[in-house]
Each structure stands twice: as C-alpha cells, then as structure tokens.
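Shown next: model.txt, containing compact mmCIF, C-alpha atoms.
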```
# COMPACT_ATOMS: atom_id res chain seq x y z
CA MET A 216 0.00 0.00 0.00
CA GLU A 217 1.23 3.47 -0.90
CA ILE A 218 -0.05 6.72 0.58
CA ILE A 219 0.54 10.04 -1.16
CA VAL A 220 -0.11 13.20 0.85
CA MET A 221 -1.60 15.47 -1.80
CA GLY A 222 -2.06 18.37 0.62
CA CYS A 223 -1.88 18.91 4.37
CA GLY A 224 -2.95 22.51 4.92
CA THR A 225 -5.92 24.01 6.69
CA SER A 226 -9.01 25.26 4.82
CA GLN A 227 -7.30 28.55 3.91
CA GLY A 228 -4.07 26.92 2.79
CA VAL A 229 -0.59 27.87 3.99
CA PRO A 230 0.74 30.53 3.80
CA LEU A 231 -2.34 32.67 4.36
CA VAL A 232 -3.32 35.31 1.83
CA ALA A 233 -2.87 38.95 2.94
CA HIS A 234 -1.22 37.90 6.20
CA ASP A 235 2.30 38.12 7.60
CA ASN A 236 2.35 34.41 8.58
CA ALA A 237 4.59 35.25 11.54
CA GLY A 238 6.96 32.49 12.61
CA LEU A 239 6.64 30.51 9.38
CA ASP A 240 9.82 29.96 7.35
CA LEU A 241 8.59 30.44 3.79
CA LYS A 242 11.98 29.43 2.41
CA ASN A 243 11.17 25.88 3.47
CA PRO A 244 8.97 24.24 0.79
CA ARG A 245 7.47 21.96 3.44
CA ASN A 246 5.73 25.01 4.91
CA TRP A 247 3.79 25.59 1.66
CA ARG A 248 0.61 23.55 2.15
CA THR A 249 -2.28 23.09 -0.22
CA ARG A 250 -5.63 21.94 1.15
CA THR A 251 -5.80 18.50 2.71
CA SER A 252 -6.29 15.20 0.85
CA VAL A 253 -4.56 11.86 0.26
CA HIS A 254 -4.26 9.35 -2.56
CA VAL A 255 -4.04 5.66 -1.60
CA ILE A 256 -2.90 2.84 -3.88
CA ILE A 257 -4.04 -0.45 -2.41
CA GLY A 258 -4.13 -3.82 -4.17
CA GLY A 259 -3.38 -1.94 -7.40
CA HIS A 260 -6.53 0.18 -6.94
CA HIS A 261 -6.24 3.98 -6.81
CA VAL A 262 -8.42 5.67 -4.19
CA GLN A 263 -8.61 9.46 -3.98
CA VAL A 264 -9.77 10.80 -0.62
CA ASP A 265 -11.21 14.32 -0.99
CA ALA A 266 -10.53 16.87 -3.72
CA ALA A 267 -9.08 20.17 -2.62
CA PRO A 268 -9.45 23.38 -4.64
CA GLU A 269 -5.87 22.66 -5.82
CA PHE A 270 -6.72 19.08 -6.85
CA ARG A 271 -5.70 19.52 -10.50
CA LEU A 272 -2.26 20.86 -9.59
CA GLN A 273 -1.84 18.23 -6.87
CA CYS A 274 -2.45 15.50 -9.46
CA ILE A 275 0.09 17.04 -11.83
CA HIS A 276 2.73 17.52 -9.14
CA ASN A 277 2.28 13.97 -7.83
CA GLN A 278 1.84 12.35 -11.27
CA ILE A 279 -1.44 10.66 -10.39
CA PRO A 280 -2.25 8.35 -13.35
CA ARG A 281 -5.84 7.45 -12.47
CA VAL A 282 -8.61 7.54 -9.89
CA ASP A 283 -10.56 4.28 -9.63
CA SER A 284 -12.65 5.20 -6.59
CA PHE A 285 -13.26 8.44 -4.71
CA ILE A 286 -14.15 8.95 -1.03
CA LEU A 287 -15.46 12.31 0.19
CA THR A 288 -14.93 12.50 3.95
CA HIS A 289 -17.37 15.41 4.32
CA GLY A 290 -18.84 18.22 2.30
CA HIS A 291 -16.80 21.24 3.37
CA ALA A 292 -15.46 23.47 0.60
CA ASP A 293 -11.79 22.61 1.07
CA HIS A 294 -12.55 18.91 0.54
CA ILE A 295 -15.16 18.97 -2.23
CA LEU A 296 -14.54 21.88 -4.59
CA GLY A 297 -11.90 20.12 -6.70
CA MET A 298 -14.18 17.25 -7.71
CA ASP A 299 -14.93 18.71 -11.15
CA ASP A 300 -11.27 18.07 -11.98
CA LEU A 301 -11.97 14.33 -11.89
CA ARG A 302 -13.14 14.87 -15.47
CA GLN A 303 -9.93 13.70 -17.18
CA PHE A 304 -9.95 10.48 -15.16
CA CYS A 305 -13.50 9.86 -16.44
CA THR A 306 -12.43 10.65 -20.01
CA ASN A 307 -9.59 8.15 -19.68
CA GLN A 308 -12.13 5.43 -18.89
CA ASP A 309 -14.39 6.24 -21.86
CA GLY A 310 -16.64 8.59 -19.91
CA ASP A 311 -17.72 6.01 -17.32
CA PRO A 312 -18.59 7.51 -13.94
CA ILE A 313 -16.19 7.23 -11.02
CA PRO A 314 -17.65 5.48 -7.95
CA VAL A 315 -17.94 8.01 -5.11
CA TYR A 316 -18.58 7.11 -1.46
CA THR A 317 -19.57 9.61 1.19
CA THR A 318 -22.03 10.49 3.98
CA THR A 319 -25.64 11.62 3.63
CA ARG A 320 -24.57 15.25 4.06
CA GLY A 321 -21.72 14.73 1.61
CA THR A 322 -24.20 13.36 -0.94
CA GLU A 323 -26.40 16.42 -0.52
CA ARG A 324 -23.44 18.72 -1.09
CA ILE A 325 -22.37 16.86 -4.26
CA GLN A 326 -25.94 17.05 -5.57
CA ALA A 327 -26.04 20.79 -4.89
CA ILE A 328 -22.64 21.66 -6.41
CA PHE A 329 -22.29 19.09 -9.22
CA PRO A 330 -25.84 18.15 -10.33
CA TYR A 331 -24.62 17.86 -13.95
CA ALA A 332 -22.22 15.06 -13.06
CA LEU A 333 -24.44 12.55 -11.32
CA GLN A 334 -24.51 8.90 -12.33
CA VAL A 335 -24.66 9.32 -16.09
CA LYS A 336 -22.07 8.50 -18.69
CA ARG A 337 -20.79 11.81 -19.98
CA SER A 338 -19.11 13.00 -23.13
CA PHE A 339 -15.34 13.16 -23.17
CA GLY A 340 -14.02 16.07 -21.16
CA TYR A 341 -16.79 16.04 -18.55
CA VAL A 342 -17.04 14.59 -15.08
CA ALA A 343 -19.39 11.73 -14.18
CA LEU A 344 -19.95 10.60 -10.58
CA ASP A 345 -21.78 7.52 -9.30
CA VAL A 346 -22.50 8.51 -5.69
CA SER A 347 -23.29 6.02 -2.90
CA LEU A 348 -23.31 6.08 0.88
CA MET A 349 -20.03 4.79 2.30
CA PRO A 350 -20.62 1.23 3.56
CA LYS A 351 -19.27 0.15 6.91
CA LYS A 352 -16.72 -1.97 5.07
CA LEU A 353 -15.91 -1.31 1.43
CA THR A 354 -14.10 -4.08 -0.46
CA LEU A 355 -12.19 -2.75 -3.44
CA PRO A 356 -11.15 -4.49 -6.66
CA GLY A 357 -7.83 -6.10 -5.82
CA GLY A 358 -9.03 -7.12 -2.36
CA GLY A 359 -8.16 -4.06 -0.28
CA THR A 360 -10.73 -2.89 2.25
CA VAL A 361 -11.77 0.47 3.66
CA GLU A 362 -13.69 0.61 6.93
CA HIS A 363 -15.09 3.78 8.44
CA VAL A 364 -16.28 5.44 11.61
CA LEU A 365 -18.00 8.81 11.97
CA LEU A 366 -15.93 11.53 13.64
CA PRO A 367 -17.44 14.68 15.21
CA HIS A 368 -16.68 17.85 13.23
CA GLY A 369 -19.01 20.67 14.21
CA THR A 370 -22.41 20.28 12.54
CA GLU A 371 -21.19 17.70 10.01
CA ASP A 372 -19.59 14.36 10.83
CA THR A 373 -16.46 13.29 8.96
CA LEU A 374 -15.66 9.82 7.64
CA GLY A 375 -12.69 8.40 9.54
CA LEU A 376 -11.13 5.77 7.28
CA VAL A 377 -9.01 2.68 7.88
CA PHE A 378 -7.43 0.97 4.86
CA THR A 379 -6.18 -2.63 5.08
CA ASP A 380 -3.84 -4.12 2.49
CA PRO A 381 -5.07 -7.46 1.09
CA HIS A 382 -1.62 -9.04 0.92
CA SER A 383 0.42 -7.81 3.86
CA GLY A 384 -2.44 -6.88 6.20
CA SER A 385 -0.83 -3.46 6.79
CA LYS A 386 -3.26 -0.88 8.13
CA PHE A 387 -3.54 2.86 7.48
CA ALA A 388 -5.85 5.08 9.58
CA TYR A 389 -6.83 8.45 8.12
CA TYR A 390 -8.65 10.66 10.63
CA THR A 391 -8.83 14.21 9.32
CA ASP A 392 -11.15 17.09 10.30
CA CYS A 393 -12.40 15.99 13.70
CA ARG A 394 -12.81 17.46 17.17
CA GLU A 395 -11.79 14.18 18.81
CA LEU A 396 -11.39 10.48 18.19
CA THR A 397 -14.31 8.35 19.33
CA PRO A 398 -13.93 4.99 21.11
CA GLU A 399 -14.90 3.33 17.82
CA ALA A 400 -12.13 5.23 16.02
CA TYR A 401 -9.54 4.15 18.57
CA ALA A 402 -10.67 0.54 18.29
CA LEU A 403 -10.71 0.44 14.49
CA GLY A 404 -7.35 2.20 14.06
CA HIS A 405 -5.57 0.65 17.05
CA ARG A 406 -1.93 -0.18 16.32
CA ALA A 407 -2.17 0.87 12.69
CA ASP A 408 1.05 0.82 10.73
CA LEU A 409 0.43 4.47 9.89
CA ALA A 410 -2.06 7.01 11.23
CA ILE A 411 -2.61 10.50 9.84
CA LEU A 412 -4.47 12.72 12.32
CA ASP A 413 -6.04 16.16 12.25
CA GLY A 414 -3.91 18.58 14.31
CA LEU A 415 -4.94 22.08 13.30
CA ARG A 416 -2.92 24.49 15.47
CA PRO A 417 -1.36 24.90 18.92
CA ALA A 418 -4.47 26.48 20.49
CA PRO A 419 -7.77 24.62 21.00
CA HIS A 420 -10.41 24.84 18.28
CA PRO A 421 -14.17 24.11 18.47
CA THR A 422 -14.24 21.63 15.54
CA HIS A 423 -10.66 20.33 15.15
CA MET A 424 -8.13 18.64 17.39
CA SER A 425 -5.32 20.93 18.45
CA PHE A 426 -1.74 19.88 17.81
CA ASP A 427 -1.26 18.61 21.36
CA GLU A 428 -4.63 16.84 21.37
CA ALA A 429 -3.61 15.00 18.20
CA CYS A 430 -0.33 13.96 19.81
CA GLN A 431 -2.17 12.72 22.89
CA ALA A 432 -4.58 10.79 20.66
CA SER A 433 -1.61 9.18 18.91
CA LEU A 434 -0.48 7.66 22.21
CA LYS A 435 -3.87 6.05 22.80
CA LEU A 436 -4.12 4.91 19.18
CA ASP A 437 -0.65 3.31 19.51
CA ALA A 438 0.10 3.40 15.78
CA LYS A 439 3.60 2.45 14.68
CA GLN A 440 3.91 5.89 13.06
CA THR A 441 1.67 8.96 13.28
CA LEU A 442 1.68 12.08 11.13
CA ILE A 443 -0.20 15.36 11.68
CA THR A 444 -2.19 16.97 8.87
CA HIS A 445 -4.59 19.89 8.22
CA MET A 446 -2.12 22.35 9.78
CA THR A 447 -2.23 26.15 9.92
CA TYR A 448 0.65 28.57 9.34
CA GLN A 449 1.29 28.46 13.12
CA ILE A 450 3.01 25.11 12.74
CA ASP A 451 6.46 25.59 11.23
CA TYR A 452 7.80 22.31 9.86
CA ASP A 453 11.33 22.42 11.26
CA VAL A 454 10.39 23.94 14.62
CA TYR A 455 7.67 21.40 15.35
CA THR A 456 9.62 18.45 13.96
CA LYS A 457 12.32 19.20 16.54
CA LYS A 458 9.75 19.51 19.32
CA LEU A 459 8.18 16.18 18.37
CA ALA A 460 11.54 14.42 18.40
CA GLU A 461 11.83 15.33 22.08
CA THR A 462 8.24 14.85 23.21
CA TYR A 463 6.47 12.42 20.84
CA PRO A 464 9.18 10.52 18.93
CA LYS A 465 6.64 8.37 17.03
CA VAL A 466 4.84 11.45 15.68
CA GLY A 467 5.86 13.56 12.69
CA LEU A 468 4.39 16.13 10.30
CA CYS A 469 2.92 15.64 6.86
CA TYR A 470 4.11 17.74 3.96
CA ASP A 471 2.73 18.10 0.45
CA GLY A 472 4.05 15.36 -1.83
CA LEU A 473 5.09 12.99 0.96
CA ARG A 474 4.93 9.35 -0.17
CA ILE A 475 4.88 6.45 2.23
CA LYS A 476 4.95 2.77 1.30
CA LEU A 477 3.70 0.30 3.87
CA PRO A 478 4.93 -3.30 3.70
```

Output the file's structure in the form of structure tokens.
Amino acid sequence: MEIIVMGCGTSQGVPLVAHDNAGLDLKNPRNWRTRTSVHVIIGGHHVQVDAAPEFRLQCIHNQIPRVDSFILTHGHADHILGMDDLRQFCTNQDGDPIPVYTTTRGTERIQAIFPYALQVKRSFGYVALDVSLMPKKLTLPGGGTVEHVLLPHGTEDTLGLVFTDPHSGSKFAYYTDCRELTPEAYALGHRADLAILDGLRPAPHPTHMSFDEACQASLKLDAKQTLITHMTYQIDYDVYTKKLAETYPKVGLCYDGLRIKLP
C-alpha cells in the first residue's frame, strides 16, 4: 500500500493570503501547504480521498495516473470543490462515472454543487460521478478494504477511514477534520502501521483537534507511526519536527508530496 499526501494545509491553505504568517519559514517548501487530501494505492486500486481546490495541480505535481474510486470524507469546501477536476480520469475510462462514497450530508453537497455530473455517462471532457453512501466496510477491486467510523466535526460528521492491504495486512488510519477520536475510532485504528491525524494548530479549536490533542490521541491509538495533517501557518515544519523528536518521537508532520509505502 502506498499513501501520497496530496495536501496537508488548513481550509485557507498555507501561507495565508494577505497575512504576515509570523513564525513561518517560507523558504522551506514543506511550509507551503495546499488543502488536505490523500491518494491511496491499495491492491493496485487507486483511491482518492477528498478533492481540494488545488486538486488539478496536486495531481500534476504527484503524477497521479488514475482515480478508480473516490471517497469524500465530508462536504466542506476545502474537501469537495476540486471534484470537477476528476473529469480527465473519467475521459480516460471512456466517460464512465467514477464510484464516489460519502455520507448523507456529503451526498447532498455533491448534488447541490455538481448536479450535472451525477450517475450518467458523460461526453469526453466532462465529469461523471456515481455517488453512494459509504458502507461500513468497502471491499475494493484487488481485495483491499476500507472501513469507516463517523468523527465529530461541528455540525457535520467526517468519515474516519481505515485501509487494510489485502496481501500484507498493513493498516492505514486516516482521521482528518475531527474534534476528537471516538472509542470506535480508537478501536478500528488501534496499532495501525500508519495514522494520519487532524492537528490544526497549537491552540484549542471548536471543531478540530489541536496539535497537542492530536499527539495525545496518537499515544492512545498506539500506531507504529503517526503524522499530523490539516495544519495552519502556526506550525512551522522544522520547529515542530524538533519539538516532536523530544516529546512524541513516534509522531511527525505531513508535507505536500510525501509518499509512504507500507509493507
């Protein structure tokens, strides 16, 4: 299984527009963060999780060859607005729609924003989406599985996802955009080979885990490796990497373009 971090920035991206971004070293490319999403290759099947406003450029920069399935964790703008750029992946499969899995609220948002794309084979150059509710356990072509739990995120729950490789049994937990991890999330992702957790900023936030809360959650989750995503400009890559080495040695930071292969 391979995980590609397409973007790891907060909903406004990093650096902020019209802001001094104090404390952030803009000479370090790892502090330039597009909006958050990941691409997972499992059992030869390509799964795109969320589509940021920068999705097209993320695909070009990361040389994404195809999208076989798409999972929308929730319907917020920074996760959904790039979905129209799935169009070339549809064209490459003769206009057939891409299977999309999401929540009830996510479905409503797709219907509102992309009504022209729903469930029909389209002409070349257009997007086609076959939208379904995310099952408790999704079995993909190639044998990989994706299980989910619902994570609290303000007025809209987020899909917390756990991928399991069909050959090695390696496990990847992806818990973005959440105020906390539920008991079900801890149980499903326990001792994952890799966990990527929402850790917005140093200070508490009403709908996201803070950086320290994410680190504390990593201890309870007991993953072999944990990375923090969905970060604001307040988290400088080098500064916080050094802090983590001293306080949470099994935790690190995501950066755009990071690729991780699990055995």

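The two atoms in question, CA of Thr391 (chain A) and CA of Arg302 (chain A), are spaced 25.2 Å apart.
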
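Coordinates place CA of Lys351 (chain A) at a distance of 15.7 Å from CA of Thr397 (chain A).
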
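Going from CA of Cys393 (chain A) over to CA of Thr441 (chain A), you cover 15.7 Å.
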
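Distances from A:Gly321, A:Gly222, A:Pro350, A:Gly357 to Thr251 (chain A) were compared using all atoms listed in the file, and the smallest one belongs to A:Gly222.
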
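With all atoms listed in the file as the atoms that count, the minimum distance from Leu376 (chain A) to the choices A:Val220, A:Ala327, A:Ala429, A:Val255 is reached by A:Val255.
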
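Proximity ranking of A:Leu301, A:Val315, A:Leu353, A:Leu239 relative to Gly340 (chain A) places A:Leu301 first, based on only C-alpha atoms.
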
Residues of region 296-351 of chain A that approach region 260-277 of chain A to 9 Å or less, counting only C-alpha atoms: could you list each one with the shortest pair of atoms and its distance in Å to one decimal, rows by chain and increasing residue number, as CSV?
```
residue,atom,partner,partner_atom,distance
A:Leu296,CA,A:Pro268,CA,5.3
A:Gly297,CA,A:Pro268,CA,4.6
A:Met298,CA,A:Ala266,CA,5.4
A:Asp299,CA,A:Ala266,CA,8.8
A:Asp300,CA,A:Arg271,CA,5.9
A:Leu301,CA,A:Arg271,CA,8.3
```

Take the residues just selected and output them with C-alpha atoms as an mmCIF file, keeping the file's coordinate frame.
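Once written, again21.cif looks like this:
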```
data_model
loop_
_atom_site.group_PDB
_atom_site.id
_atom_site.type_symbol
_atom_site.label_atom_id
_atom_site.label_comp_id
_atom_site.auth_asym_id
_atom_site.auth_seq_id
_atom_site.Cartn_x
_atom_site.Cartn_y
_atom_site.Cartn_z
ATOM 1 C CA LEU A 296 -14.540 21.880 -4.590
ATOM 2 C CA GLY A 297 -11.900 20.120 -6.700
ATOM 3 C CA MET A 298 -14.180 17.250 -7.710
ATOM 4 C CA ASP A 299 -14.930 18.710 -11.150
ATOM 5 C CA ASP A 300 -11.270 18.070 -11.980
ATOM 6 C CA LEU A 301 -11.970 14.330 -11.890
#
```

How big is the axis-aligned box, and where does its centre sit, when it encloses all atoms of region 324-332 of chain A listed in the file and has 4 Å added on every side, reported in Å to one decimal as JSON?
```
{"center_x": -24.1, "center_y": 18.4, "center_z": -7.5, "size_x": 11.8, "size_y": 14.6, "size_z": 20.9}
```

Could you give me, as a PDB file with C-alpha atoms, keeping the file's coordinate frame, the residues within 10 Å of Phe378 (chain A), counting only C-alpha atoms and dropping anything in the same chain fewer than 6 positions from it?
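File selection10.pdb, as written:
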```pdb
ATOM      1  CA  MET A 216       0.000   0.000   0.000  1.00  0.00           C
ATOM      2  CA  VAL A 255      -4.040   5.660  -1.600  1.00  0.00           C
ATOM      3  CA  ILE A 257      -4.040  -0.450  -2.410  1.00  0.00           C
ATOM      4  CA  LYS A 352     -16.720  -1.970   5.070  1.00  0.00           C
ATOM      5  CA  LEU A 353     -15.910  -1.310   1.430  1.00  0.00           C
ATOM      6  CA  THR A 354     -14.100  -4.080  -0.460  1.00  0.00           C
ATOM      7  CA  GLY A 359      -8.160  -4.060  -0.280  1.00  0.00           C
ATOM      8  CA  THR A 360     -10.730  -2.890   2.250  1.00  0.00           C
ATOM      9  CA  VAL A 361     -11.770   0.470   3.660  1.00  0.00           C
ATOM     10  CA  GLU A 362     -13.690   0.610   6.930  1.00  0.00           C
ATOM     11  CA  HIS A 363     -15.090   3.780   8.440  1.00  0.00           C
ATOM     12  CA  GLY A 384      -2.440  -6.880   6.200  1.00  0.00           C
ATOM     13  CA  SER A 385      -0.830  -3.460   6.790  1.00  0.00           C
ATOM     14  CA  LYS A 386      -3.260  -0.880   8.130  1.00  0.00           C
ATOM     15  CA  PHE A 387      -3.540   2.860   7.480  1.00  0.00           C
ATOM     16  CA  ALA A 388      -5.850   5.080   9.580  1.00  0.00           C
ATOM     17  CA  TYR A 389      -6.830   8.450   8.120  1.00  0.00           C
ATOM     18  CA  GLY A 404      -7.350   2.200  14.060  1.00  0.00           C
ATOM     19  CA  ALA A 407      -2.170   0.870  12.690  1.00  0.00           C
ATOM     20  CA  LEU A 409       0.430   4.470   9.890  1.00  0.00           C
TER      21      LEU A 409
END
```

Legend entry - Test item: residues at most 7 Å from Val364 (chain A), all atoms listed in the file, excluding those fewer than 2 positions along its chain, as an MDAnalysis selection string: chainID A and resid 366 374:376 399:400

Keeping only C-alpha atoms, write the selected residues to a file as a PDB file, keeping the file's coordinate frame.
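Full text of part-v9.pdb as output:
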```pdb
ATOM      1  CA  LEU A 366     -15.930  11.530  13.640  1.00  0.00           C
ATOM      2  CA  LEU A 374     -15.660   9.820   7.640  1.00  0.00           C
ATOM      3  CA  GLY A 375     -12.690   8.400   9.540  1.00  0.00           C
ATOM      4  CA  LEU A 376     -11.130   5.770   7.280  1.00  0.00           C
ATOM      5  CA  GLU A 399     -14.900   3.330  17.820  1.00  0.00           C
ATOM      6  CA  ALA A 400     -12.130   5.230  16.020  1.00  0.00           C
TER       7      ALA A 400
END
```
